[in-house]
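Report on one structure; see the data block that follows.
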Amino acid sequence: MTSPIKWKTTRVGEARVIHWKKHDAKELMKAIDGAPIQEIGKHPVVRVHDFGKLRLAVREFDPFAETNVTGKQAFARLNELARKHAAIVEAPVAFVHRGKQNPLIVTIWKKNHTKLIDYLSREDILDLLKERACITAAIQTAKLHATGIIHGHLDPENFVVSDGGHSQLIDCTLLRKFNPKNDEVGLKDFEAKNVFERISLARYGDHIADWKRTQRADLRSRMYGVYLTKKGEILEKMKRNNLHFAEV
């Protein structure tokens, strides 16, 4: 088991920075305030910055994007998942707050990964690796949901794929706890089925031909089957070990 990350709070000008102790807060802010080398996505835009041997992903946390979730709560959940190695590829590095401005969530951005939606459209990728990428996306979704967390923005754009065809989740700024006592009982299932539908469309396109529809339906079915099996295995293991942070 890895040792827990040690955090430190540092004032840098008007900013209050909660960060890994091993990173200098002033150097972090210098990197964050510089021009990004890449901007990805929308709502929120991900700004990617160089930081020595690392790259950092910086997202502005919008308190109106998810009701009853603060930036600190989102950051804490991301940190909790990173410590448990549960599904996500991005480890949290810093939480930056500047007065009345929306806070920033800073994570490590992996250099050698391709977005799933781009991976599935590439003609130079073997079908076997594309299949693996889809199935491992289902497994990662199961791992996330088994910990009692809803992603909140689950989309083919928010999976990245390694060279070996293994998918992992990114963009975890809308994470929230699953509450089985309210109307969210079916929300995990809906979130999973929705993303599997979109992944199958990315894999085989939206052509109306019968054989294409059959391929899409078959992939959706296999992904959902893997999802249910993996989630069940994790929950059973949690029960045996008397863990209570999931829906057991």
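Letters A, B, ... go to the chains of the structure tokens in the order shown; residues in each chain start at 1; ligands are counted from 1 in the same order.
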### Task
Write out as a list in words each polymer residue whose atoms come within 12 Å of Gly52 of chain A, counting only C-alpha atoms; drop sequence neighbours fewer than 5 positions from it.
His23, Asp24, Glu27, Leu28, Lys30, Ala31 and Ile108 of chain A
Go ahead and dump the residues you just picked, N, CA and C atoms, as a tab-separated table (two decimals), in the first residue's frame.
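Final output, part-v2.tsv:
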```tsv
chain	number	residue	atom	x	y	z
A	23	HIS	N	5.99	19.63	-4.03
A	23	HIS	CA	5.98	20.63	-5.08
A	23	HIS	C	6.01	22.03	-4.48
A	24	ASP	N	6.79	22.89	-5.07
A	24	ASP	CA	6.87	24.27	-4.64
A	24	ASP	C	5.65	25.04	-5.16
A	27	GLU	N	6.31	27.70	-7.85
A	27	GLU	CA	6.60	27.12	-9.16
A	27	GLU	C	5.32	26.59	-9.81
A	28	LEU	N	4.43	25.99	-9.00
A	28	LEU	CA	3.14	25.53	-9.51
A	28	LEU	C	2.35	26.69	-10.10
A	30	LYS	N	3.46	29.57	-11.12
A	30	LYS	CA	4.14	30.10	-12.31
A	30	LYS	C	3.75	29.29	-13.55
A	31	ALA	N	3.70	27.96	-13.38
A	31	ALA	CA	3.31	27.09	-14.51
A	31	ALA	C	1.85	27.31	-14.89
A	108	ILE	N	-2.34	15.82	-12.49
A	108	ILE	CA	-1.28	15.37	-13.40
A	108	ILE	C	-1.93	14.89	-14.69
```
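Atom to atom, atom CA of His145 of chain A and atom CA of Val45 of chain A stand 24.8 Å apart.
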Rows by chain and residue number, segment 99-197 of chain A within 9 Å of segment 230-241 of chain A, shortest pair, only C-alpha atoms, as a tab-separated table:
```
residue	atom	partner	partner_atom	distance
A:Ala138	CA	A:Lys230	CA	8.7
A:Ile139	CA	A:Lys230	CA	6.3
A:Thr141	CA	A:Lys231	CA	8.6
A:Ala142	CA	A:Lys231	CA	4.8
A:Lys143	CA	A:Lys231	CA	6.3
A:Leu144	CA	A:Lys231	CA	8.8
A:His145	CA	A:Lys231	CA	7.4
A:Ala146	CA	A:Lys231	CA	5.6
A:Thr147	CA	A:Leu235	CA	8.4
```
May I have the selected residues written with N, CA and C atoms, as a PDB file, in the first residue's frame?
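Dumped everything to again-v5.pdb:
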```pdb
ATOM      1  N   ALA A 138     -15.577  -0.169 -19.817  1.00  0.00           N
ATOM      2  CA  ALA A 138     -16.671  -0.715 -19.006  1.00  0.00           C
ATOM      3  C   ALA A 138     -16.174  -1.123 -17.620  1.00  0.00           C
ATOM      4  N   ILE A 139     -14.981  -1.702 -17.564  1.00  0.00           N
ATOM      5  CA  ILE A 139     -14.402  -2.122 -16.286  1.00  0.00           C
ATOM      6  C   ILE A 139     -14.129  -0.912 -15.402  1.00  0.00           C
ATOM      7  N   THR A 141     -15.590   1.977 -15.505  1.00  0.00           N
ATOM      8  CA  THR A 141     -16.880   2.518 -15.060  1.00  0.00           C
ATOM      9  C   THR A 141     -17.395   1.729 -13.862  1.00  0.00           C
ATOM     10  N   ALA A 142     -17.255   0.413 -13.921  1.00  0.00           N
ATOM     11  CA  ALA A 142     -17.683  -0.445 -12.811  1.00  0.00           C
ATOM     12  C   ALA A 142     -16.883  -0.142 -11.545  1.00  0.00           C
ATOM     13  N   LYS A 143     -15.566   0.051 -11.686  1.00  0.00           N
ATOM     14  CA  LYS A 143     -14.724   0.363 -10.527  1.00  0.00           C
ATOM     15  C   LYS A 143     -15.164   1.671  -9.866  1.00  0.00           C
ATOM     16  N   LEU A 144     -15.456   2.663 -10.705  1.00  0.00           N
ATOM     17  CA  LEU A 144     -15.886   3.954 -10.177  1.00  0.00           C
ATOM     18  C   LEU A 144     -17.209   3.814  -9.431  1.00  0.00           C
ATOM     19  N   HIS A 145     -18.185   3.192 -10.062  1.00  0.00           N
ATOM     20  CA  HIS A 145     -19.515   3.067  -9.462  1.00  0.00           C
ATOM     21  C   HIS A 145     -19.503   2.187  -8.218  1.00  0.00           C
ATOM     22  N   ALA A 146     -18.633   1.198  -8.187  1.00  0.00           N
ATOM     23  CA  ALA A 146     -18.567   0.313  -7.022  1.00  0.00           C
ATOM     24  C   ALA A 146     -18.046   1.032  -5.785  1.00  0.00           C
ATOM     25  N   THR A 147     -17.316   2.128  -5.968  1.00  0.00           N
ATOM     26  CA  THR A 147     -16.843   2.901  -4.824  1.00  0.00           C
ATOM     27  C   THR A 147     -17.905   3.861  -4.303  1.00  0.00           C
TER      28      THR A 147
END
```
